[in-house]
Structures are given as C-alpha cells and as structure tokens.
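What follows is target27.txt (compact mmCIF, C-alpha atoms).
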# COMPACT_ATOMS: atom_id res chain seq x y z
CA MET A 1 128.86 102.31 95.38
CA ASN A 2 128.50 105.39 97.59
CA LYS A 3 126.54 105.30 100.80
CA PRO A 4 123.75 107.85 101.22
CA LYS A 5 124.30 110.69 103.61
CA THR A 6 122.73 110.30 107.01
CA GLY A 7 119.68 112.54 107.32
CA MET A 8 118.92 112.62 103.60
CA THR A 9 115.31 113.64 103.14
CA ARG A 10 112.81 112.19 100.71
CA ARG A 11 112.74 115.43 98.72
CA THR A 12 116.51 115.85 98.41
CA ALA A 13 117.17 112.19 97.58
CA LEU A 14 114.46 111.92 94.95
CA GLY A 15 115.20 115.34 93.59
CA THR A 16 118.85 114.45 93.12
CA LEU A 17 118.13 111.11 91.50
CA ALA A 18 115.49 112.57 89.23
CA GLY A 19 117.81 115.30 88.01
CA ALA A 20 120.26 115.44 85.16
CA GLY A 21 122.60 112.98 86.85
CA ALA A 22 119.96 110.30 87.27
CA ALA A 23 121.23 108.19 84.41
CA ALA A 24 124.63 107.91 86.04
CA ALA A 25 123.07 107.30 89.44
CA PHE A 26 121.63 104.00 88.37
CA GLY A 27 124.24 102.70 86.04
CA GLY A 28 123.26 104.45 82.84
CA LEU A 29 120.03 102.50 82.44
CA ALA A 30 117.88 105.59 82.16
CA THR A 31 117.22 107.60 79.02
CA PRO A 32 115.87 111.14 78.76
CA ALA A 33 112.12 111.57 78.89
CA ILE A 34 110.74 111.43 75.36
CA ALA A 35 107.35 111.28 73.75
CA GLN A 36 107.67 107.55 73.16
CA GLN A 37 105.01 105.72 75.19
CA ARG A 38 106.74 103.50 77.72
CA LYS A 39 104.89 102.33 80.78
CA ILE A 40 105.09 99.90 83.67
CA SER A 41 102.64 98.95 86.38
CA ILE A 42 103.37 98.18 90.03
CA ILE A 43 101.26 96.38 92.58
CA ASN A 44 102.11 97.62 96.06
CA ALA A 45 100.55 95.90 99.08
CA ASP A 46 102.33 97.77 101.85
CA SER A 47 99.99 98.14 104.79
CA ALA A 48 101.70 101.27 106.17
CA GLU A 49 100.55 104.54 104.63
CA ALA A 50 104.07 106.03 104.77
CA ALA A 51 105.43 103.14 102.69
CA ARG A 52 102.64 103.51 100.15
CA GLN A 53 103.36 107.21 99.84
CA VAL A 54 107.08 106.78 99.35
CA ILE A 55 106.54 104.22 96.57
CA GLY A 56 104.38 106.80 94.84
CA ASP A 57 107.12 109.41 95.26
CA ILE A 58 109.76 107.02 93.92
CA ALA A 59 107.56 106.22 90.93
CA LYS A 60 107.16 109.92 90.10
CA SER A 61 110.90 110.51 90.42
CA PHE A 62 111.63 107.51 88.20
CA THR A 63 109.25 108.85 85.57
CA ALA A 64 110.90 112.26 85.69
CA ALA A 65 114.31 110.68 85.21
CA THR A 66 113.47 108.17 82.49
CA GLY A 67 110.25 109.17 80.79
CA ILE A 68 108.81 105.78 81.74
CA ALA A 69 105.26 106.16 83.05
CA VAL A 70 104.44 104.24 86.22
CA ASP A 71 101.00 103.11 87.29
CA VAL A 72 101.03 102.27 91.01
CA ASN A 73 98.16 100.06 92.13
CA ILE A 74 97.54 99.79 95.87
CA MET A 75 96.20 96.47 97.10
CA ASP A 76 95.18 95.50 100.61
CA HIS A 77 97.97 93.59 102.34
CA GLU A 78 95.88 90.53 103.19
CA SER A 79 93.99 90.50 99.87
CA ASN A 80 97.27 90.45 97.96
CA LYS A 81 98.17 87.10 99.53
CA THR A 82 95.26 85.56 97.62
CA SER A 83 95.14 87.78 94.54
CA ILE A 84 98.78 87.30 93.56
CA ARG A 85 98.06 83.69 92.62
CA ASN A 86 95.71 85.01 89.95
CA TYR A 87 97.36 88.15 88.64
CA LEU A 88 100.76 86.50 88.14
CA VAL A 89 99.01 84.24 85.62
CA THR A 90 96.30 86.41 84.09
CA SER A 91 97.33 90.09 84.28
CA ALA A 92 100.87 90.36 85.58
CA PRO A 93 102.24 93.82 86.43
CA GLU A 94 105.87 94.70 85.70
CA ILE A 95 106.72 94.95 89.40
CA CYS A 96 105.19 93.41 92.51
CA PHE A 97 106.15 93.26 96.16
CA TRP A 98 106.04 89.88 97.86
CA TYR A 99 107.86 87.68 100.37
CA SER A 100 111.17 85.91 100.02
CA GLY A 101 112.04 82.37 101.07
CA GLU A 102 109.67 79.50 100.40
CA ARG A 103 106.85 81.83 99.32
CA MET A 104 109.08 83.27 96.61
CA ARG A 105 110.42 79.85 95.58
CA ALA A 106 106.90 78.46 95.21
CA PHE A 107 106.21 80.96 92.42
CA ALA A 108 109.71 80.74 90.93
CA GLU A 109 109.41 76.97 90.60
CA LYS A 110 106.20 77.48 88.64
CA GLY A 111 107.92 79.93 86.29
CA LEU A 112 105.92 82.92 87.55
CA PHE A 113 108.84 85.11 88.71
CA GLU A 114 111.50 86.34 86.30
CA ASP A 115 115.10 85.20 86.72
CA ILE A 116 117.06 88.44 87.33
CA SER A 117 120.45 86.83 87.99
CA ASP A 118 121.87 88.92 85.14
CA LEU A 119 120.89 92.17 86.87
CA VAL A 120 122.22 90.91 90.23
CA ALA A 121 125.58 90.08 88.61
CA GLU A 122 125.75 93.31 86.59
CA LYS A 123 125.12 95.49 89.64
CA GLY A 124 127.20 93.46 92.07
CA TYR A 125 124.26 93.08 94.44
CA ALA A 126 125.67 89.89 95.95
CA ASP A 127 128.39 91.96 97.61
CA ILE A 128 125.91 94.15 99.46
CA LEU A 129 123.43 91.41 100.34
CA GLY A 130 125.63 88.80 101.95
CA GLY A 131 123.61 85.92 103.36
CA THR A 132 120.27 87.54 102.58
CA ILE A 133 120.73 86.84 98.87
CA GLY A 134 119.76 83.26 99.64
CA SER A 135 116.28 84.47 100.53
CA VAL A 136 115.59 85.24 96.84
CA SER A 137 117.62 82.42 95.31
CA LEU A 138 116.60 79.09 93.82
CA ASN A 139 119.22 76.69 92.49
CA GLY A 140 121.79 79.47 92.57
CA ARG A 141 119.66 81.88 90.53
CA GLN A 142 117.94 85.05 91.79
CA PHE A 143 114.26 85.70 91.19
CA GLY A 144 113.91 89.00 93.01
CA LEU A 145 115.68 91.41 95.33
CA PRO A 146 115.29 91.31 99.12
CA THR A 147 114.08 94.61 100.50
CA VAL A 148 113.54 95.00 104.24
CA GLY A 149 112.80 92.65 107.08
CA ARG A 150 111.42 92.57 110.56
CA LEU A 151 113.15 90.88 113.42
CA TRP A 152 110.49 89.27 115.59
CA GLY A 153 110.91 89.81 119.30
CA THR A 154 109.21 90.40 122.62
CA CYS A 155 107.44 93.75 122.59
CA TYR A 156 106.42 95.56 125.77
CA LEU A 157 105.62 99.04 127.07
CA THR A 158 107.88 100.62 129.67
CA SER A 159 104.84 102.44 131.04
CA THR A 160 103.07 99.15 131.82
CA PHE A 161 106.22 97.58 133.27
CA ASP A 162 106.84 100.61 135.48
CA LYS A 163 103.23 100.74 136.67
CA TYR A 164 103.19 97.10 137.80
CA GLY A 165 106.86 96.62 138.67
CA LEU A 166 107.43 94.07 135.90
CA THR A 167 110.84 93.06 134.55
CA MET A 168 111.58 91.28 131.30
CA PRO A 169 112.34 87.58 131.95
CA GLU A 170 115.59 86.15 130.64
CA ASP A 171 114.80 82.42 130.83
CA TRP A 172 111.89 79.99 131.11
CA ASP A 173 111.69 80.10 134.91
CA GLY A 174 111.70 83.86 134.72
CA LEU A 175 108.91 83.74 132.16
CA MET A 176 106.79 81.60 134.48
CA ALA A 177 107.35 84.07 137.33
CA PHE A 178 106.53 86.97 135.00
CA GLY A 179 103.26 85.31 134.03
CA GLU A 180 102.22 84.87 137.64
CA LYS A 181 102.99 88.48 138.52
CA ALA A 182 101.19 89.78 135.42
CA ARG A 183 98.08 87.71 136.17
CA ASP A 184 98.07 88.91 139.79
CA ALA A 185 98.02 92.46 138.43
CA GLY A 186 95.02 91.63 136.25
CA LEU A 187 97.03 91.56 133.00
CA THR A 188 97.14 89.03 130.20
CA PRO A 189 100.80 87.98 130.31
CA LEU A 190 101.20 87.58 126.54
CA ALA A 191 98.78 89.18 124.08
CA MET A 192 98.34 87.22 120.87
CA GLY A 193 95.61 87.33 118.25
CA THR A 194 95.34 84.19 116.12
CA LYS A 195 92.39 85.20 113.96
CA GLU A 196 94.77 85.60 111.00
CA LEU A 197 96.60 82.37 111.98
CA TRP A 198 100.15 83.50 111.17
CA PRO A 199 101.03 84.96 114.60
CA ALA A 200 100.69 81.43 116.00
CA GLY A 201 103.14 80.24 113.35
CA GLY A 202 105.70 82.79 114.46
CA PHE A 203 105.23 81.75 118.07
CA PHE A 204 105.85 78.11 117.14
CA ASP A 205 109.05 79.25 115.44
CA ILE A 206 110.49 80.95 118.50
CA LEU A 207 109.60 78.09 120.83
CA ASN A 208 111.27 75.65 118.43
CA LEU A 209 114.34 77.85 117.92
CA ARG A 210 114.74 78.28 121.69
CA THR A 211 114.07 74.58 122.41
CA ASN A 212 115.86 72.80 119.55
CA GLY A 213 117.96 75.35 117.66
CA LEU A 214 118.17 76.48 114.06
CA ASP A 215 119.32 73.26 112.37
CA ALA A 216 116.48 71.22 113.85
CA HIS A 217 113.99 73.95 113.01
CA LEU A 218 115.08 74.12 109.37
CA ALA A 219 115.05 70.32 109.14
CA LEU A 220 111.39 70.40 110.14
CA MET A 221 110.69 73.23 107.70
CA ASP A 222 112.34 71.23 104.90
CA GLY A 223 110.21 68.18 105.64
CA LYS A 224 113.17 66.16 106.94
CA MET A 225 111.82 65.77 110.47
CA SER A 226 108.57 64.24 111.64
CA TYR A 227 105.99 66.29 113.50
CA LEU A 228 105.78 63.28 115.82
CA ASP A 229 109.46 63.59 116.71
CA SER A 230 110.29 64.00 120.40
CA LYS A 231 111.89 67.37 119.64
CA VAL A 232 108.58 68.71 118.36
CA ALA A 233 106.84 67.20 121.38
CA ALA A 234 109.16 69.23 123.62
CA VAL A 235 108.05 72.42 121.87
CA PHE A 236 104.41 71.58 122.46
CA ASP A 237 105.15 70.74 126.10
CA HIS A 238 106.38 74.31 126.62
CA TRP A 239 103.49 75.77 124.66
CA GLN A 240 100.95 73.73 126.63
CA GLU A 241 102.43 74.95 129.89
CA LEU A 242 101.85 78.54 128.78
CA ILE A 243 98.28 77.73 127.77
CA GLU A 244 97.50 75.98 131.06
CA LYS A 245 98.93 78.87 133.05
CA GLY A 246 96.70 81.39 131.29
CA PHE A 247 99.34 83.31 129.35
CA PHE A 248 97.16 84.11 126.34
CA LEU A 249 93.99 86.05 125.59
CA ALA A 250 91.01 83.86 126.42
CA ASP A 251 89.33 84.54 123.06
CA HIS A 252 92.49 84.85 120.96
CA THR A 253 90.84 83.34 117.85
CA SER A 254 88.60 86.43 117.69
CA TYR A 255 91.54 88.85 117.85
CA GLY A 256 93.60 89.92 114.86
CA TRP A 257 97.22 90.87 115.51
CA SER A 258 96.24 94.55 115.48
CA ASP A 259 93.51 93.90 118.06
CA ALA A 260 96.07 92.19 120.31
CA ALA A 261 98.39 95.19 119.86
CA THR A 262 95.51 97.42 120.98
CA VAL A 263 95.20 95.35 124.16
CA LEU A 264 98.92 95.87 124.78
CA GLY A 265 98.53 99.59 124.06
CA ARG A 266 95.74 99.90 126.63
CA GLY A 267 98.07 98.52 129.28
CA GLU A 268 96.04 95.33 129.64
CA ALA A 269 98.81 92.92 128.65
CA GLY A 270 102.40 92.47 129.72
CA MET A 271 104.06 91.60 126.43
CA MET A 272 103.48 90.54 122.85
CA TYR A 273 105.66 88.40 120.58
CA LEU A 274 105.67 89.96 117.12
CA ALA A 275 107.64 92.75 115.45
CA SER A 276 107.83 96.46 116.12
CA PHE A 277 105.30 97.29 113.39
CA ILE A 278 102.71 96.96 116.17
CA GLU A 279 103.74 100.53 117.00
CA ARG A 280 101.20 101.93 114.56
CA ASN A 281 98.37 100.32 116.55
CA LEU A 282 99.41 101.93 119.83
CA PRO A 283 98.07 105.20 121.26
CA GLU A 284 100.28 108.12 120.28
CA GLN A 285 101.39 108.70 123.86
CA GLU A 286 102.56 105.08 124.19
CA LYS A 287 104.63 104.79 121.02
CA SER A 288 107.80 106.12 122.64
CA ASN A 289 107.38 103.53 125.41
CA LEU A 290 107.53 100.53 123.08
CA ARG A 291 110.58 98.29 123.43
CA LEU A 292 111.62 95.12 121.61
CA VAL A 293 113.95 92.53 123.16
CA ALA A 294 114.83 88.88 122.58
CA PHE A 295 112.41 86.17 123.69
CA PRO A 296 113.58 84.41 126.88
CA LYS A 297 116.05 81.54 126.73
CA ILE A 298 114.71 77.99 127.06
CA ALA A 299 117.54 75.51 126.33
CA ASP A 300 121.29 76.12 126.51
CA LEU A 301 121.60 77.14 122.86
CA PRO A 302 122.94 80.08 120.86
CA ARG A 303 120.29 82.69 120.18
CA PHE A 304 118.45 82.25 116.88
CA GLU A 305 115.65 84.51 115.69
CA ASP A 306 112.99 84.87 113.04
CA TYR A 307 113.96 87.57 110.53
CA SER A 308 111.31 87.82 107.82
CA VAL A 309 112.60 89.48 104.65
CA ASP A 310 110.25 90.97 102.06
CA SER A 311 111.19 91.19 98.41
CA ILE A 312 110.45 92.87 95.07
CA HIS A 313 109.96 90.91 91.84
CA ILE A 314 109.38 91.06 88.11
CA PRO A 315 106.56 88.65 87.18
CA ALA A 316 107.61 86.31 84.38
CA ARG A 317 104.51 87.22 82.35
CA ALA A 318 105.06 90.98 82.57
CA LYS A 319 104.93 92.77 79.21
CA ASN A 320 107.81 95.22 79.67
CA LYS A 321 110.53 93.34 81.52
CA ASP A 322 113.38 95.56 80.33
CA LEU A 323 111.63 98.62 81.73
CA ALA A 324 110.97 96.70 84.92
CA ARG A 325 114.71 96.02 85.25
CA GLU A 326 115.33 99.75 84.95
CA PHE A 327 112.93 100.38 87.80
CA LEU A 328 114.54 97.71 90.00
CA ALA A 329 117.96 99.26 89.48
CA TYR A 330 116.59 102.70 90.34
CA PHE A 331 114.68 101.47 93.38
CA TYR A 332 117.77 99.68 94.69
CA GLU A 333 120.04 102.74 94.58
CA PRO A 334 121.16 103.57 98.16
CA GLY A 335 119.52 107.00 98.29
CA VAL A 336 116.17 105.74 97.04
CA PHE A 337 116.24 102.49 98.96
CA THR A 338 116.99 104.30 102.23
CA LEU A 339 113.78 106.26 101.84
CA TYR A 340 111.82 103.04 101.44
CA MET A 341 113.62 101.46 104.40
CA ASN A 342 112.80 104.40 106.65
CA ALA A 343 109.18 104.52 105.50
CA ARG A 344 108.81 100.82 106.28
CA LYS A 345 110.64 101.23 109.60
CA SER A 346 112.44 97.98 108.92
CA VAL A 347 115.94 96.51 108.90
CA PRO A 348 117.38 96.50 105.35
CA ALA A 349 118.57 93.34 103.63
CA ARG A 350 121.50 95.22 102.09
CA ASN A 351 124.45 95.84 104.38
CA ASP A 352 125.86 99.11 103.02
CA LEU A 353 123.33 101.55 104.47
CA PRO A 354 123.73 103.73 107.57
CA PRO A 355 121.64 102.81 110.61
CA SER A 356 118.26 104.42 111.02
CA ASP A 357 117.63 107.14 113.58
CA ASP A 358 114.49 105.27 114.66
CA PRO A 359 115.15 103.67 118.09
CA LEU A 360 113.06 100.58 117.35
CA MET A 361 114.89 99.92 114.09
CA LYS A 362 118.19 100.40 115.91
CA ALA A 363 117.12 97.87 118.52
CA GLU A 364 116.20 95.36 115.82
CA SER A 365 119.51 95.92 114.03
CA GLU A 366 121.47 95.41 117.23
CA LEU A 367 119.57 92.23 118.07
CA LEU A 368 120.11 90.96 114.53
CA ALA A 369 123.85 91.68 114.71
CA ALA A 370 124.13 89.60 117.90
CA THR A 371 122.09 86.68 116.58
CA ALA A 372 123.82 83.36 115.85
CA GLY A 373 121.54 82.67 112.87
CA THR A 374 118.09 83.40 111.48
CA ALA A 375 115.09 81.57 110.18
CA GLN A 376 112.30 83.35 108.38
CA TYR A 377 108.70 83.07 109.39
CA TYR A 378 107.01 79.62 109.44
CA ASP A 379 105.11 79.97 106.17
CA ARG A 380 108.13 81.48 104.43
CA ASP A 381 110.39 78.56 105.36
CA THR A 382 108.16 75.59 104.60
CA ASN A 383 105.96 74.41 101.74
CA PRO A 384 102.81 76.60 101.37
CA ASP A 385 100.45 73.63 101.79
CA MET A 386 102.37 72.48 104.85
CA ALA A 387 102.34 76.01 106.22
CA GLN A 388 98.58 76.35 105.87
CA THR A 389 97.96 73.05 107.64
CA GLY A 390 100.53 74.00 110.28
CA ILE A 391 99.22 77.44 111.22
CA LYS A 392 95.64 76.15 111.33
CA GLY A 393 96.82 73.38 113.64
CA PHE A 394 98.72 75.78 115.88
CA GLN A 395 95.65 77.99 116.30
CA GLU A 396 93.48 74.96 117.04
CA PHE A 397 95.98 73.71 119.61
CA MET A 398 95.93 77.04 121.44
CA ALA A 399 92.13 76.89 121.59
CA PHE A 400 91.83 73.15 122.25
CA PRO A 401 95.08 71.81 123.73
CA ASP A 402 93.41 68.44 124.42
CA ARG A 403 93.45 67.85 120.64
CA ARG A 404 97.24 68.00 120.57
CA GLN A 405 97.91 64.44 119.40
CA GLN A 406 95.30 64.52 116.64
CA ILE A 407 96.69 67.85 115.42
CA LEU A 408 100.26 66.57 115.33
CA GLU A 409 99.17 63.43 113.49
CA ARG A 410 97.38 65.61 110.94
CA LEU A 411 100.51 67.73 110.46
CA GLU A 412 102.63 64.62 110.05
CA ALA A 413 100.23 63.18 107.45
CA THR A 414 100.51 66.45 105.52
CA ARG A 415 104.30 66.37 105.76
CA LYS A 416 104.41 62.82 104.38
CA ARG A 417 102.06 63.70 101.54
CA ILE A 418 104.15 66.70 100.50
CA TYR A 419 107.67 65.50 101.14
CA GLY A 420 107.24 61.73 100.87

Can you turn what I pasted into structure tokens?
Amino acid sequence: MNKPKTGMTRRTALGTLAGAGAAAAFGGLATPAIAQQRKISIINADSAEAARQVIGDIAKSFTAATGIAVDVNIMDHESNKTSIRNYLVTSAPEICFWYSGERMRAFAEKGLFEDISDLVAEKGYADILGGTIGSVSLNGRQFGLPTVGRLWGTCYLTSTFDKYGLTMPEDWDGLMAFGEKARDAGLTPLAMGTKELWPAGGFFDILNLRTNGLDAHLALMDGKMSYLDSKVAAVFDHWQELIEKGFFLADHTSYGWSDAATVLGRGEAGMMYLASFIERNLPEQEKSNLRLVAFPKIADLPRFEDYSVDSIHIPARAKNKDLAREFLAYFYEPGVFTLYMNARKSVPARNDLPPSDDPLMKAESELLAATAGTAQYYDRDTNPDMAQTGIKGFQEFMAFPDRRQQILERLEATRKRIYG
C-alpha cells in the first residue's frame, strides 16, 4: 500500500481518487456511476467545522467514483452521545462515527455494530494498525476501524509563561511550586471545567497512571480492583492536595471544557490538562503559543498516557451494508484518510502515514512514540454504567472533597453490582 505524498491537498487527493483510477485505488470495490439507485447515509458528529467539511468532500468524491449517493447528516457532538442509543436500534445509518474501546464494545456486545473482520482481513488493516486494532476488537473480531486519536497532556501558553516567568514542572514537588507561583501571580494554576463531567474522568486517569501505573489502572477499569483499595486512596490523596491548595477554578462545575480553555486563552490560568483541540477556543493571536507536554511525574514509573481513539462503524441494522463496506474501504485509503486526519488535527491510528506539518500534532506524535503504554479515556476503558457513576463522583469530589469516603463507597458499590 503506497503512502500519500507529503503536502497532498484535499482537491488533488479527492480528485485523483474520484477519477478513472478510483476503482483500483480502493481494491476494485467501486463500480462506474450508473442510473441504478444506490444510497447510503452517514451520521457525522465531528465538532470541528473543518472535519465536517472534509467528510462532505469525501462523500462527494466517493459518489463521483462509485455512483453511490451519500446523505451526510450532521449531529451535535454531545447530542450524538445520547441519540446513538436510539438510532442504532430504530433508524440505523450505513455509517456512523463513534468511540473505540469499552464504548464500542458495549454496542458490539448488544449486536448493534457490524462485524467487519472480513474487510479487515481482506485489506490487511491489521498490518497498518498494530496495537490500535485492539481498540475496535471484541473476542478477536473487529467491529469498526480506528480513525484518529488525541493524546491528552498538559497544555499551556508560552505567552503566559513568559509574562509571569513560569516553567513547566517535571515532578510533583515542581507542580506544587508551580501552583504557588501561579497563585501569587493571580492565576488559576490549572483550568478545568467539569460541567460536562468527562474532563474530571481524564484527570483521574492521569493521576492514577502517574501514581500506580498502567496495569493497576486497567485492573480498576476492568472491575478487578476495589475503589476502596489503598492504591486508589493514594490517587485521591494527590487530588485532594491540589484541591486544598487552590489549583482549580473555584466554580469549575459551571465551566464547560471550552469555557476553561477560554480562561487559559485570556492568560488567566497557568495550564490545562486536556488535548490540543482546545486550540480552537483560543484567541487567534494565542494559537501559535499553545504547547502540549507530558503531565508531571508522581511515582517512579514509566510514562503512561491517555490516548483516546475514535472510530468509524457500520451499524448492524443498516440497510445497505455492502455499500457501507465500499465506503469504509474508500475512506481508509491513505490519501483520503490523511485529509481526514489533518482536518481533525489528530494523531492517526494507522502507522503508515507521514507526520503532519501541524506542530501540535507533531508534539502529540512524539510524546506518543516515547510513551511506555496507553490507556484510553476513563469512560472508554470501563463499563458505561461504572463510568457514569465514576465521572459524577469525581466532579462531586472536586466540589465537596469532604464527601470523599461516601463517594468512594458509592463507586465501589457500583463496581460490585456490575462486575460481581
């Protein structure tokens, strides 16, 4: 499989693939456009406008190459998290974008995502996916294709650091010193909005990965460790220290992640633990100042990170699954997929693509390459019911740390109910 040329534009890539050689480009699946009515529908919940636009462009190119009409339906990113539970059962599209890991497996176990192991084998996708193929696998079978992911890290603005003489801490002691200096300068040391709950889940992840390592973290995610275990207590000890030392926004439950990013962009916070997609919420003049680095070290452990991988699926109740397979094969061609990767400004799951010219994506790729292992995000690694109880508990703990024991007991009761 040939790699795309660096610098390939959307127009040249799609124009080439939509041309006379398109059938060969994606394994001969395509047929010339004919009057026969063939149609698929796609639900796209990308929050970035550039990603939405490129999916529309890819759909048009696919139609030109195959004669298969494509109806692209745009859904709000947050609304899709609720709506997908309904449309997979009642009015399934041919293609939908979702999340890999436990979120994918929850639907696959219910028979709501199509098994595409045949397509994966036919196209040799396992060779270009490496370890990321596990993110869309259940019992050795594949129920989707991983697309792009975001490596979570510590985001900061060089302009703010330069203005106040701040330096990025490398360990816990350094983080405590950073917090004191940031507060003295009138800054919130670490901007976080927990209104949507999930940022608190990601923060729990990094504290656990830095405190206990990947194996212990995954054991907890798999329900094999108690939330009353001393290892979990150590995580909450660190978290409580940050709370007591005023690291977070005072009214964080009223801030969405984008609101917290705005605080960072105004130069009112020192750092933010999330992914580089916060760039789109920064003032234009600050975007080039955004940097992403690893969260400080806590225990003497290898460095593990959260790398959340999105995915694309064929719903099991879709009407035209064969046509959907044609679209997946087209979408996953290097030239087409590179356009999607660049529009999403994300690190690709497949390993045969050239690095992006975007400095933030390069930084994420370099951090990922030097990582000893990855988890996904909290609610992608654990049972959905457990995740919902967990992220609610994490938010509550940040607001009311005196409730810590009751919260942990509630999480443990949920774990026992789900995992036995």

* Residue neighbourhood Ile58 (chain A), 8 Å, all atoms listed in the file, exclusion window fewer than 2 positions, as number ranges by chain -> A: 14, 54-56, 60-62, 331, 336

* Contacts of region 397-404 of chain A within 10 Å, all atoms listed in the file, excl. fewer than 5 positions in-chain, as a ChimeraX atom specification -> /A:194,200,233,236,239-240,242-244,248,250-253,391-392,409-410

Just C-alpha atoms for this one: save the residues we selected as a PDB file, in the frame of the given file.
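Output contents, as saved in out-v7.pdb:
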ATOM      1  CA  THR A 194      95.340  84.190 116.120  1.00  0.00           C
ATOM      2  CA  ALA A 200     100.690  81.430 116.000  1.00  0.00           C
ATOM      3  CA  ALA A 233     106.840  67.200 121.380  1.00  0.00           C
ATOM      4  CA  PHE A 236     104.410  71.580 122.460  1.00  0.00           C
ATOM      5  CA  TRP A 239     103.490  75.770 124.660  1.00  0.00           C
ATOM      6  CA  GLN A 240     100.950  73.730 126.630  1.00  0.00           C
ATOM      7  CA  LEU A 242     101.850  78.540 128.780  1.00  0.00           C
ATOM      8  CA  ILE A 243      98.280  77.730 127.770  1.00  0.00           C
ATOM      9  CA  GLU A 244      97.500  75.980 131.060  1.00  0.00           C
ATOM     10  CA  PHE A 248      97.160  84.110 126.340  1.00  0.00           C
ATOM     11  CA  ALA A 250      91.010  83.860 126.420  1.00  0.00           C
ATOM     12  CA  ASP A 251      89.330  84.540 123.060  1.00  0.00           C
ATOM     13  CA  HIS A 252      92.490  84.850 120.960  1.00  0.00           C
ATOM     14  CA  THR A 253      90.840  83.340 117.850  1.00  0.00           C
ATOM     15  CA  ILE A 391      99.220  77.440 111.220  1.00  0.00           C
ATOM     16  CA  LYS A 392      95.640  76.150 111.330  1.00  0.00           C
ATOM     17  CA  GLU A 409      99.170  63.430 113.490  1.00  0.00           C
ATOM     18  CA  ARG A 410      97.380  65.610 110.940  1.00  0.00           C
TER      19      ARG A 410
END

* Tell me which of A:Val293, A:Asp310, A:Gly213, A:Tyr87 sits closest to Thr167 (chain A), counting all atoms listed in the file. =>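 Selected residue with least distance to Thr167 (chain A): A:Val293.
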
* Find the spatial neighbours of Trp198 (chain A), counting all atoms listed in the file, within a cut-off of 10 Å - ignore same-chain residues fewer than 6 positions away - and output them as a list in words. =>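 With the cut-off at 10 Å, the set is Phe204, Gly256, Trp257, Tyr377, Tyr378, Asp379, Ala387, Gln388, Gly390, Ile391, Lys392, Phe394 and Gln395 of chain A.
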
* Asked: Leaving out Val232 (chain A) and any residue of its chain fewer than 6 positions from it, which residues lie within 12 Å of it when counting only C-alpha atoms, given as a list in words?
  ->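 The residues that qualify are Phe204, Asp205, Leu207, Asn208, Leu209, Arg210, Thr211, Asn212, Gly213, Ala216, His217, Ala219, Leu220, Met221, Met225, Ser226, His238, Trp239, Arg404, Gln405, Leu408, Glu409, Leu411 and Glu412 of chain A.
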
* Asked: Which protein, DNA or RNA residues have an atom at most 10 Å from (108.7, 97.1, 76.6), counting all atoms listed in the file? List them as a list of chain:residue names.
  ->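 All residues meeting the 10 Å criterion around (108.7, 97.1, 76.6) are A:Gln37, A:Arg38, A:Lys39, A:Ile40, A:Glu94, A:Ala318, A:Lys319, A:Asn320, A:Lys321, A:Asp322, A:Leu323, A:Ala324.
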
* To do: One decimal, Å: what's the distance from CA of Glu241 (chain A) over to CA of Leu157 (chain A), could you say?
  =>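 Between these atoms lies a distance of 24.5 Å.
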
* Would you work out the distance separating CA of Phe113 (chain A) from CA of Ile314 (chain A), expressed in Å to one decimal? => 6.0 Å

* A:Phe161, A:Ala64, A:Leu274, A:Ile298 ranked by distance to Met176 (chain A), top pick (using all atoms listed in the file) -> A:Ile298

List every residue of region 32-134 of chain A that has an atom at most 12 Å from any atom of region 352-375 of chain A, giving for each one its closest atom pair and the distance in Å to one decimal, counting only C-alpha atoms, sorted by chain and then by ascending residue number, as JSON lines.
{"residue": "A:Ser100", "atom": "CA", "partner": "A:Ala375", "partner_atom": "CA", "distance": 11.7}
{"residue": "A:Gly101", "atom": "CA", "partner": "A:Ala375", "partner_atom": "CA", "distance": 9.6}
{"residue": "A:Glu102", "atom": "CA", "partner": "A:Ala375", "partner_atom": "CA", "distance": 11.4}
{"residue": "A:Tyr125", "atom": "CA", "partner": "A:Asp352", "partner_atom": "CA", "distance": 10.6}
{"residue": "A:Ala126", "atom": "CA", "partner": "A:Asp352", "partner_atom": "CA", "distance": 11.6}
{"residue": "A:Asp127", "atom": "CA", "partner": "A:Asp352", "partner_atom": "CA", "distance": 9.3}
{"residue": "A:Ile128", "atom": "CA", "partner": "A:Asp352", "partner_atom": "CA", "distance": 6.1}
{"residue": "A:Leu129", "atom": "CA", "partner": "A:Asp352", "partner_atom": "CA", "distance": 8.5}
{"residue": "A:Gly130", "atom": "CA", "partner": "A:Asp352", "partner_atom": "CA", "distance": 10.4}
{"residue": "A:Gly131", "atom": "CA", "partner": "A:Thr374", "partner_atom": "CA", "distance": 10.1}
{"residue": "A:Thr132", "atom": "CA", "partner": "A:Thr374", "partner_atom": "CA", "distance": 10.1}
{"residue": "A:Gly134", "atom": "CA", "partner": "A:Ala375", "partner_atom": "CA", "distance": 11.7}

* Separation of CA of Leu290 (chain A) from CA of Asn44 (chain A), in Å and rounded to one decimal ->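 These atoms are spaced 27.7 Å apart.
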